[in-house]
Amino acid sequence: MSIEVQQLRKNFGDFKAVDNVSLSIKSGELTALLGPSGSGKTTLLRLIAGLEQADSGRILFNEEDISDRHVSERGVGFVFQHYALFKHMTVAENVGFGLSVKPKKFRPSNTEIKQKVQKLLELVQLDWTADRYPSQLSGGQRQRIALARALAVEPKVLLLDEPFGALDAKVRAELRRWLRRLHDEIHVTSVFVTHDQEEALEVADRIVVMNKGRVEQDGTPEQVYDHPANPFVYEFLGTVNLFHARVRDGDQLVQPSSADLPAAAEQLEQPGLAYVRPHEIDVLHAKEDDAIAARLDLITVVGPTVRLELQSQHADQIIHVELDKTRFKQLGLSVGQHTWLKPRYSRVFLGEGI
Ligand SMILES: Nc1ncnc2c1ncn2[C@@H]1O[C@H](COP(=O)(O)OP(=O)(O)OP(=O)(O)O)[C@@H](O)[C@H]1O
């Protein structure tokens, strides 16, 4: 089931929660709505679900306008952050609930419901919990049951609102890999809300980055991470270093040197900001032209990666650098040492913040 959102707007009083959003989501895609708190992700999800009515704009499922359809007629399944399992029902009863309350003429027989519940519990790898109550499960297990319950009614679209938000980091990381594998098996068109960029980058086929009710960028994880459309996306998708830059005739006059320049930079000299990711900076053995002199203040080892925090000597600025452990050992760095940095790659946005 494809989803098309056209010029959607939703205000709460004067506040524009969703501000002229257009999107198209392909059938079978797993899409992340990613953005900071209050950027309108949940509101957009609720509009797609039919839990909220748009002020203007249209929503199409498989090219059919469903904007005026009630939530119960849209064929969507939900999973929310706080697992809303029924405490007094067993796991099997919870999963079968949506089927058992269907109107008589659509309701499967008890045997059919039982078989379906068994299949779904196998799918989420929790068939051994069928007779347990929710209180006897861990948080991660409850979310998997919530997902099985949402899938029981065979939704055409699955909507997940921060499904792993309430869980600790390790369980979260396991569950998101699990969700990815599950999605590869069932291919139901899914949209999930998250403010965690790592979660979005790891799980989604497609990321929609939102800010202040608008879409800042819409693309594959590689596109939004490697080619951010603007400074907001750059900063939201991970640590970034900012350097002042001046640009003339396509050449940058101040460090860093190797830059991906916008076309408009061809003419007059203009101020800009160069964005450089920590892993895109080389630490040099010796001084070179254009290198930035800096003092090493902090070394943090995180698994195979070493994170360095340096103080640049001219601009009084903290610079973040990431190296792999082998390179770090080759360089023989220690805290307090003076060294030189050279960005391998940077992206310049003209006029930003200058
Ligand atoms: N029913 C409502 N009445 C008034 N304001 C609302 C309502 N629902 C949402 N808002 C406001 O709309 C804005 C967007 O909210 P929304 O929940 O969509 O953001 P979000 O990106 O999902 O944020 P979070 O990650 O914190 O859940 C927020 O500023 C919120 O306060």
# chains A, B, ... in the order shown; residues from 1 in each chain; ligands from 1

$ residues_near_ligand --ligand "ligand 1" --cutoff "7 Å" --atoms "only C-alpha atoms and all ligand atoms" --output "list in words"
Phe12, Ala17, Gly35, Pro36, Ser37, Gly38, Ser39, Gly40, Lys41, Thr42, Thr43, Leu44, Thr194 and His195 of chain A

$ write_last_selection --atoms "N, CA and C atoms" --output "PDB file, in the first residue's frame"
ATOM      1  N   PHE A  12      -2.536  23.889  15.747  1.00  0.00           N
ATOM      2  CA  PHE A  12      -3.180  23.854  17.060  1.00  0.00           C
ATOM      3  C   PHE A  12      -3.231  25.307  17.506  1.00  0.00           C
ATOM      4  N   ALA A  17       1.702  22.856  13.626  1.00  0.00           N
ATOM      5  CA  ALA A  17       2.325  21.575  14.005  1.00  0.00           C
ATOM      6  C   ALA A  17       2.793  20.827  12.756  1.00  0.00           C
ATOM      7  N   GLY A  35      13.141  13.693  13.774  1.00  0.00           N
ATOM      8  CA  GLY A  35      13.254  15.130  14.036  1.00  0.00           C
ATOM      9  C   GLY A  35      13.288  15.381  15.523  1.00  0.00           C
ATOM     10  N   PRO A  36      13.629  16.611  15.918  1.00  0.00           N
ATOM     11  CA  PRO A  36      13.673  16.913  17.351  1.00  0.00           C
ATOM     12  C   PRO A  36      12.270  16.937  17.953  1.00  0.00           C
ATOM     13  N   SER A  37      12.215  16.998  19.266  1.00  0.00           N
ATOM     14  CA  SER A  37      10.938  17.046  19.969  1.00  0.00           C
ATOM     15  C   SER A  37      10.123  18.252  19.483  1.00  0.00           C
ATOM     16  N   GLY A  38       8.846  18.025  19.216  1.00  0.00           N
ATOM     17  CA  GLY A  38       7.973  19.129  18.799  1.00  0.00           C
ATOM     18  C   GLY A  38       8.040  19.450  17.319  1.00  0.00           C
ATOM     19  N   SER A  39       8.724  18.620  16.520  1.00  0.00           N
ATOM     20  CA  SER A  39       8.864  18.945  15.101  1.00  0.00           C
ATOM     21  C   SER A  39       7.653  18.506  14.272  1.00  0.00           C
ATOM     22  N   GLY A  40       6.704  17.822  14.904  1.00  0.00           N
ATOM     23  CA  GLY A  40       5.464  17.476  14.202  1.00  0.00           C
ATOM     24  C   GLY A  40       5.379  16.035  13.727  1.00  0.00           C
ATOM     25  N   LYS A  41       6.321  15.191  14.160  1.00  0.00           N
ATOM     26  CA  LYS A  41       6.360  13.792  13.694  1.00  0.00           C
ATOM     27  C   LYS A  41       5.099  13.031  14.105  1.00  0.00           C
ATOM     28  N   THR A  42       4.784  13.106  15.409  1.00  0.00           N
ATOM     29  CA  THR A  42       3.626  12.362  15.901  1.00  0.00           C
ATOM     30  C   THR A  42       2.344  12.893  15.278  1.00  0.00           C
ATOM     31  N   THR A  43       2.251  14.206  15.138  1.00  0.00           N
ATOM     32  CA  THR A  43       1.043  14.775  14.529  1.00  0.00           C
ATOM     33  C   THR A  43       0.885  14.258  13.102  1.00  0.00           C
ATOM     34  N   LEU A  44       1.985  14.214  12.347  1.00  0.00           N
ATOM     35  CA  LEU A  44       1.913  13.708  10.973  1.00  0.00           C
ATOM     36  C   LEU A  44       1.482  12.234  10.970  1.00  0.00           C
ATOM     37  N   THR A 194      10.727   8.578  15.275  1.00  0.00           N
ATOM     38  CA  THR A 194      11.842   8.487  16.215  1.00  0.00           C
ATOM     39  C   THR A 194      12.564   9.831  16.277  1.00  0.00           C
ATOM     40  N   HIS A 195      13.187  10.104  17.434  1.00  0.00           N
ATOM     41  CA  HIS A 195      14.042  11.302  17.461  1.00  0.00           C
ATOM     42  C   HIS A 195      15.506  10.860  17.539  1.00  0.00           C
TER      43      HIS A 195
END

$ select_by_dssp --residues "segment 7-247 of chain A" --states "strand (DSSP E or B)" --output "NGL selection string"
:A and (7-12 or 15-25 or 30-34 or 56-61 or 64-65 or 76-79 or 157-161 or 189-194 or 206-211 or 214-219 or 241-247)

$ write_last_selection --atoms "C-alpha atoms" --output "PDB file, in the first residue's frame"
ATOM      1  CA  GLN A   7       0.247  19.723   1.146  1.00  0.00           C
ATOM      2  CA  LEU A   8      -0.914  18.671   4.579  1.00  0.00           C
ATOM      3  CA  ARG A   9      -1.429  21.315   7.269  1.00  0.00           C
ATOM      4  CA  LYS A  10      -2.448  21.024  10.885  1.00  0.00           C
ATOM      5  CA  ASN A  11      -2.549  23.933  13.326  1.00  0.00           C
ATOM      6  CA  PHE A  12      -3.180  23.854  17.060  1.00  0.00           C
ATOM      7  CA  PHE A  15       0.838  26.938  16.175  1.00  0.00           C
ATOM      8  CA  LYS A  16       1.727  25.186  12.927  1.00  0.00           C
ATOM      9  CA  ALA A  17       2.325  21.575  14.005  1.00  0.00           C
ATOM     10  CA  VAL A  18       2.375  20.274  10.405  1.00  0.00           C
ATOM     11  CA  ASP A  19       3.133  22.969   7.866  1.00  0.00           C
ATOM     12  CA  ASN A  20       2.518  22.114   4.216  1.00  0.00           C
ATOM     13  CA  VAL A  21       4.015  18.619   4.195  1.00  0.00           C
ATOM     14  CA  SER A  22       4.090  16.543   1.009  1.00  0.00           C
ATOM     15  CA  LEU A  23       5.548  13.035   0.854  1.00  0.00           C
ATOM     16  CA  SER A  24       5.203   9.847  -1.069  1.00  0.00           C
ATOM     17  CA  ILE A  25       5.960   6.522   0.550  1.00  0.00           C
ATOM     18  CA  LEU A  30       9.982   1.217   6.059  1.00  0.00           C
ATOM     19  CA  THR A  31      10.085   4.975   6.546  1.00  0.00           C
ATOM     20  CA  ALA A  32      11.359   6.892   9.577  1.00  0.00           C
ATOM     21  CA  LEU A  33       9.986  10.294  10.552  1.00  0.00           C
ATOM     22  CA  LEU A  34      12.997  11.781  12.285  1.00  0.00           C
ATOM     23  CA  SER A  56      -6.069  21.189   4.630  1.00  0.00           C
ATOM     24  CA  GLY A  57      -4.293  18.853   2.246  1.00  0.00           C
ATOM     25  CA  ARG A  58      -4.947  15.285   1.193  1.00  0.00           C
ATOM     26  CA  ILE A  59      -3.843  11.772   2.112  1.00  0.00           C
ATOM     27  CA  LEU A  60      -3.958   8.997  -0.484  1.00  0.00           C
ATOM     28  CA  PHE A  61      -3.548   5.262   0.099  1.00  0.00           C
ATOM     29  CA  GLU A  64      -7.195   6.696  -3.432  1.00  0.00           C
ATOM     30  CA  ASP A  65      -8.132   9.776  -1.375  1.00  0.00           C
ATOM     31  CA  VAL A  76      -3.861   0.849   9.831  1.00  0.00           C
ATOM     32  CA  GLY A  77      -2.153  -0.942  12.731  1.00  0.00           C
ATOM     33  CA  PHE A  78      -0.472   0.937  15.584  1.00  0.00           C
ATOM     34  CA  VAL A  79       2.309   0.394  18.035  1.00  0.00           C
ATOM     35  CA  VAL A 157      -0.129   0.202   6.872  1.00  0.00           C
ATOM     36  CA  LEU A 158       1.759  -0.151  10.142  1.00  0.00           C
ATOM     37  CA  LEU A 159       2.365   3.012  12.181  1.00  0.00           C
ATOM     38  CA  LEU A 160       4.823   2.999  15.066  1.00  0.00           C
ATOM     39  CA  ASP A 161       5.276   5.950  17.438  1.00  0.00           C
ATOM     40  CA  THR A 189       4.310  -0.433   4.441  1.00  0.00           C
ATOM     41  CA  SER A 190       5.501   1.016   7.750  1.00  0.00           C
ATOM     42  CA  VAL A 191       6.096   4.482   9.138  1.00  0.00           C
ATOM     43  CA  PHE A 192       7.836   4.951  12.448  1.00  0.00           C
ATOM     44  CA  VAL A 193       8.507   8.036  14.511  1.00  0.00           C
ATOM     45  CA  THR A 194      11.842   8.487  16.215  1.00  0.00           C
ATOM     46  CA  ARG A 206      13.942   5.995   3.888  1.00  0.00           C
ATOM     47  CA  ILE A 207      14.277   8.929   6.297  1.00  0.00           C
ATOM     48  CA  VAL A 208      12.090  12.019   6.400  1.00  0.00           C
ATOM     49  CA  VAL A 209      13.848  14.672   8.485  1.00  0.00           C
ATOM     50  CA  MET A 210      11.381  17.091  10.088  1.00  0.00           C
ATOM     51  CA  ASN A 211      11.843  20.437  11.795  1.00  0.00           C
ATOM     52  CA  ARG A 214       8.220  20.984   7.805  1.00  0.00           C
ATOM     53  CA  VAL A 215      10.210  18.396   5.892  1.00  0.00           C
ATOM     54  CA  GLU A 216      13.883  19.408   5.748  1.00  0.00           C
ATOM     55  CA  GLN A 217      14.989  16.411   3.679  1.00  0.00           C
ATOM     56  CA  ASP A 218      13.559  13.159   2.438  1.00  0.00           C
ATOM     57  CA  GLY A 219      15.884  10.420   1.207  1.00  0.00           C
ATOM     58  CA  ASN A 241      32.573  20.670  13.250  1.00  0.00           C
ATOM     59  CA  LEU A 242      31.923  24.121  11.853  1.00  0.00           C
ATOM     60  CA  PHE A 243      34.685  26.241  10.355  1.00  0.00           C
ATOM     61  CA  HIS A 244      34.438  29.749   9.005  1.00  0.00           C
ATOM     62  CA  ALA A 245      35.132  29.851   5.322  1.00  0.00           C
ATOM     63  CA  ARG A 246      35.365  32.483   2.623  1.00  0.00           C
ATOM     64  CA  VAL A 247      34.619  31.452  -0.891  1.00  0.00           C
TER      65      VAL A 247
END

$ residues_around --residues "Leu331 of chain A" --least-positions-apart "2" --cutoff "9 Å" --atoms "only C-alpha atoms" --output "PyMOL selection string"
chain A and resi 283-285+326-329+333

$ write_last_selection --atoms "N, CA and C atoms" --output "PDB file, in the first residue's frame"
ATOM      1  N   VAL A 283      44.525  13.618  11.408  1.00  0.00           N
ATOM      2  CA  VAL A 283      45.493  14.168  12.351  1.00  0.00           C
ATOM      3  C   VAL A 283      46.865  13.941  11.714  1.00  0.00           C
ATOM      4  N   LEU A 284      47.676  15.012  11.599  1.00  0.00           N
ATOM      5  CA  LEU A 284      48.942  14.919  10.864  1.00  0.00           C
ATOM      6  C   LEU A 284      50.123  14.720  11.817  1.00  0.00           C
ATOM      7  N   HIS A 285      51.165  14.092  11.291  1.00  0.00           N
ATOM      8  CA  HIS A 285      52.409  13.942  12.056  1.00  0.00           C
ATOM      9  C   HIS A 285      53.145  15.275  12.131  1.00  0.00           C
ATOM     10  N   THR A 326      43.764   1.717  15.295  1.00  0.00           N
ATOM     11  CA  THR A 326      45.070   1.450  14.688  1.00  0.00           C
ATOM     12  C   THR A 326      45.767   2.762  14.328  1.00  0.00           C
ATOM     13  N   ARG A 327      45.012   3.648  13.673  1.00  0.00           N
ATOM     14  CA  ARG A 327      45.566   4.947  13.279  1.00  0.00           C
ATOM     15  C   ARG A 327      45.977   5.738  14.533  1.00  0.00           C
ATOM     16  N   PHE A 328      45.138   5.681  15.553  1.00  0.00           N
ATOM     17  CA  PHE A 328      45.429   6.403  16.795  1.00  0.00           C
ATOM     18  C   PHE A 328      46.764   5.921  17.382  1.00  0.00           C
ATOM     19  N   LYS A 329      46.958   4.604  17.375  1.00  0.00           N
ATOM     20  CA  LYS A 329      48.205   4.055  17.934  1.00  0.00           C
ATOM     21  C   LYS A 329      49.412   4.476  17.099  1.00  0.00           C
ATOM     22  N   LEU A 333      49.443   9.532  20.037  1.00  0.00           N
ATOM     23  CA  LEU A 333      48.976  10.796  20.628  1.00  0.00           C
ATOM     24  C   LEU A 333      48.796  10.708  22.137  1.00  0.00           C
TER      25      LEU A 333
END

$ residues_around --residues "Gln311 of chain A" --least-positions-apart "5" --cutoff "9 Å" --atoms "only C-alpha atoms" --output "PyMOL selection string"
chain A and resi 293-297+316-319

$ decode --residues "segment 46-135 of chain A" --atoms "C-alpha atoms" --output "PDB file, in the first residue's frame"
ATOM      1  CA  ARG A  46      -1.722  10.652  13.651  1.00  0.00           C
ATOM      2  CA  LEU A  47      -2.962  12.455  10.534  1.00  0.00           C
ATOM      3  CA  ILE A  48      -1.982   9.456   8.394  1.00  0.00           C
ATOM      4  CA  ALA A  49      -3.765   7.184  10.877  1.00  0.00           C
ATOM      5  CA  GLY A  50      -6.930   9.270  10.924  1.00  0.00           C
ATOM      6  CA  LEU A  51      -6.627   9.985  14.654  1.00  0.00           C
ATOM      7  CA  GLU A  52      -6.308  13.673  13.819  1.00  0.00           C
ATOM      8  CA  GLN A  53      -8.120  15.654  11.105  1.00  0.00           C
ATOM      9  CA  ALA A  54      -5.999  17.893   8.825  1.00  0.00           C
ATOM     10  CA  ASP A  55      -6.905  21.561   8.317  1.00  0.00           C
ATOM     11  CA  SER A  56      -6.069  21.189   4.630  1.00  0.00           C
ATOM     12  CA  GLY A  57      -4.293  18.853   2.246  1.00  0.00           C
ATOM     13  CA  ARG A  58      -4.947  15.285   1.193  1.00  0.00           C
ATOM     14  CA  ILE A  59      -3.843  11.772   2.112  1.00  0.00           C
ATOM     15  CA  LEU A  60      -3.958   8.997  -0.484  1.00  0.00           C
ATOM     16  CA  PHE A  61      -3.548   5.262   0.099  1.00  0.00           C
ATOM     17  CA  ASN A  62      -2.807   3.451  -3.166  1.00  0.00           C
ATOM     18  CA  GLU A  63      -3.763   6.619  -5.049  1.00  0.00           C
ATOM     19  CA  GLU A  64      -7.195   6.696  -3.432  1.00  0.00           C
ATOM     20  CA  ASP A  65      -8.132   9.776  -1.375  1.00  0.00           C
ATOM     21  CA  ILE A  66      -8.836   8.593   2.176  1.00  0.00           C
ATOM     22  CA  SER A  67      -8.622  12.035   3.846  1.00  0.00           C
ATOM     23  CA  ASP A  68     -12.230  11.887   5.019  1.00  0.00           C
ATOM     24  CA  ARG A  69     -12.213   8.237   6.092  1.00  0.00           C
ATOM     25  CA  HIS A  70     -12.518   7.310   9.735  1.00  0.00           C
ATOM     26  CA  VAL A  71      -9.567   5.656  11.465  1.00  0.00           C
ATOM     27  CA  SER A  72     -11.444   2.351  11.561  1.00  0.00           C
ATOM     28  CA  GLU A  73     -11.792   2.368   7.774  1.00  0.00           C
ATOM     29  CA  ARG A  74      -8.154   3.062   6.949  1.00  0.00           C
ATOM     30  CA  GLY A  75      -6.751  -0.400   7.694  1.00  0.00           C
ATOM     31  CA  VAL A  76      -3.861   0.849   9.831  1.00  0.00           C
ATOM     32  CA  GLY A  77      -2.153  -0.942  12.731  1.00  0.00           C
ATOM     33  CA  PHE A  78      -0.472   0.937  15.584  1.00  0.00           C
ATOM     34  CA  VAL A  79       2.309   0.394  18.035  1.00  0.00           C
ATOM     35  CA  PHE A  80       2.904   3.121  20.617  1.00  0.00           C
ATOM     36  CA  GLN A  81       5.796   3.880  22.944  1.00  0.00           C
ATOM     37  CA  HIS A  82       3.937   2.691  26.016  1.00  0.00           C
ATOM     38  CA  TYR A  83       2.799  -0.835  25.361  1.00  0.00           C
ATOM     39  CA  ALA A  84      -0.921  -0.750  25.761  1.00  0.00           C
ATOM     40  CA  LEU A  85      -1.399  -4.476  26.339  1.00  0.00           C
ATOM     41  CA  PHE A  86      -4.425  -5.534  28.374  1.00  0.00           C
ATOM     42  CA  LYS A  87      -3.099  -6.563  31.772  1.00  0.00           C
ATOM     43  CA  HIS A  88      -5.885  -9.009  32.586  1.00  0.00           C
ATOM     44  CA  MET A  89      -5.509 -10.931  29.302  1.00  0.00           C
ATOM     45  CA  THR A  90      -2.864 -13.496  28.445  1.00  0.00           C
ATOM     46  CA  VAL A  91      -0.413 -12.828  25.629  1.00  0.00           C
ATOM     47  CA  ALA A  92      -2.438 -15.034  23.261  1.00  0.00           C
ATOM     48  CA  GLU A  93      -5.676 -13.232  24.169  1.00  0.00           C
ATOM     49  CA  ASN A  94      -3.982  -9.876  23.625  1.00  0.00           C
ATOM     50  CA  VAL A  95      -2.710 -10.848  20.185  1.00  0.00           C
ATOM     51  CA  GLY A  96      -6.073 -12.324  19.176  1.00  0.00           C
ATOM     52  CA  PHE A  97      -8.078  -9.411  20.563  1.00  0.00           C
ATOM     53  CA  GLY A  98      -8.492  -7.451  17.310  1.00  0.00           C
ATOM     54  CA  LEU A  99      -9.798 -10.563  15.566  1.00  0.00           C
ATOM     55  CA  SER A 100     -12.151 -11.636  18.356  1.00  0.00           C
ATOM     56  CA  VAL A 101     -13.962  -8.265  18.412  1.00  0.00           C
ATOM     57  CA  LYS A 102     -14.611  -8.143  14.672  1.00  0.00           C
ATOM     58  CA  PRO A 103     -18.292  -8.053  13.623  1.00  0.00           C
ATOM     59  CA  LYS A 104     -19.675 -11.586  13.441  1.00  0.00           C
ATOM     60  CA  LYS A 105     -19.653 -11.861   9.670  1.00  0.00           C
ATOM     61  CA  PHE A 106     -15.934 -10.977   9.432  1.00  0.00           C
ATOM     62  CA  ARG A 107     -14.834 -12.794  12.567  1.00  0.00           C
ATOM     63  CA  PRO A 108     -12.694 -15.914  12.064  1.00  0.00           C
ATOM     64  CA  SER A 109     -13.615 -19.063  14.031  1.00  0.00           C
ATOM     65  CA  ASN A 110     -11.955 -19.666  17.402  1.00  0.00           C
ATOM     66  CA  THR A 111      -9.716 -22.327  15.843  1.00  0.00           C
ATOM     67  CA  GLU A 112      -8.645 -19.939  13.089  1.00  0.00           C
ATOM     68  CA  ILE A 113      -7.894 -17.207  15.640  1.00  0.00           C
ATOM     69  CA  LYS A 114      -5.831 -19.666  17.677  1.00  0.00           C
ATOM     70  CA  GLN A 115      -3.806 -20.712  14.637  1.00  0.00           C
ATOM     71  CA  LYS A 116      -3.226 -17.146  13.571  1.00  0.00           C
ATOM     72  CA  VAL A 117      -2.117 -16.100  17.066  1.00  0.00           C
ATOM     73  CA  GLN A 118       0.315 -19.027  17.128  1.00  0.00           C
ATOM     74  CA  LYS A 119       1.775 -17.983  13.761  1.00  0.00           C
ATOM     75  CA  LEU A 120       2.172 -14.370  14.859  1.00  0.00           C
ATOM     76  CA  LEU A 121       3.820 -15.380  18.114  1.00  0.00           C
ATOM     77  CA  GLU A 122       6.262 -17.492  16.113  1.00  0.00           C
ATOM     78  CA  LEU A 123       6.906 -14.519  13.841  1.00  0.00           C
ATOM     79  CA  VAL A 124       7.894 -12.328  16.805  1.00  0.00           C
ATOM     80  CA  GLN A 125       9.735 -15.340  18.312  1.00  0.00           C
ATOM     81  CA  LEU A 126       7.675 -15.400  21.493  1.00  0.00           C
ATOM     82  CA  ASP A 127       5.414 -18.438  21.035  1.00  0.00           C
ATOM     83  CA  TRP A 128       6.492 -19.754  24.429  1.00  0.00           C
ATOM     84  CA  THR A 129       4.836 -16.760  26.146  1.00  0.00           C
ATOM     85  CA  ALA A 130       1.270 -17.477  24.911  1.00  0.00           C
ATOM     86  CA  ASP A 131      -0.155 -18.260  28.361  1.00  0.00           C
ATOM     87  CA  ARG A 132       1.723 -15.605  30.273  1.00  0.00           C
ATOM     88  CA  TYR A 133       0.365 -12.243  31.367  1.00  0.00           C
ATOM     89  CA  PRO A 134       2.001  -8.968  30.233  1.00  0.00           C
ATOM     90  CA  SER A 135       3.404  -8.342  33.736  1.00  0.00           C
TER      91      SER A 135
END
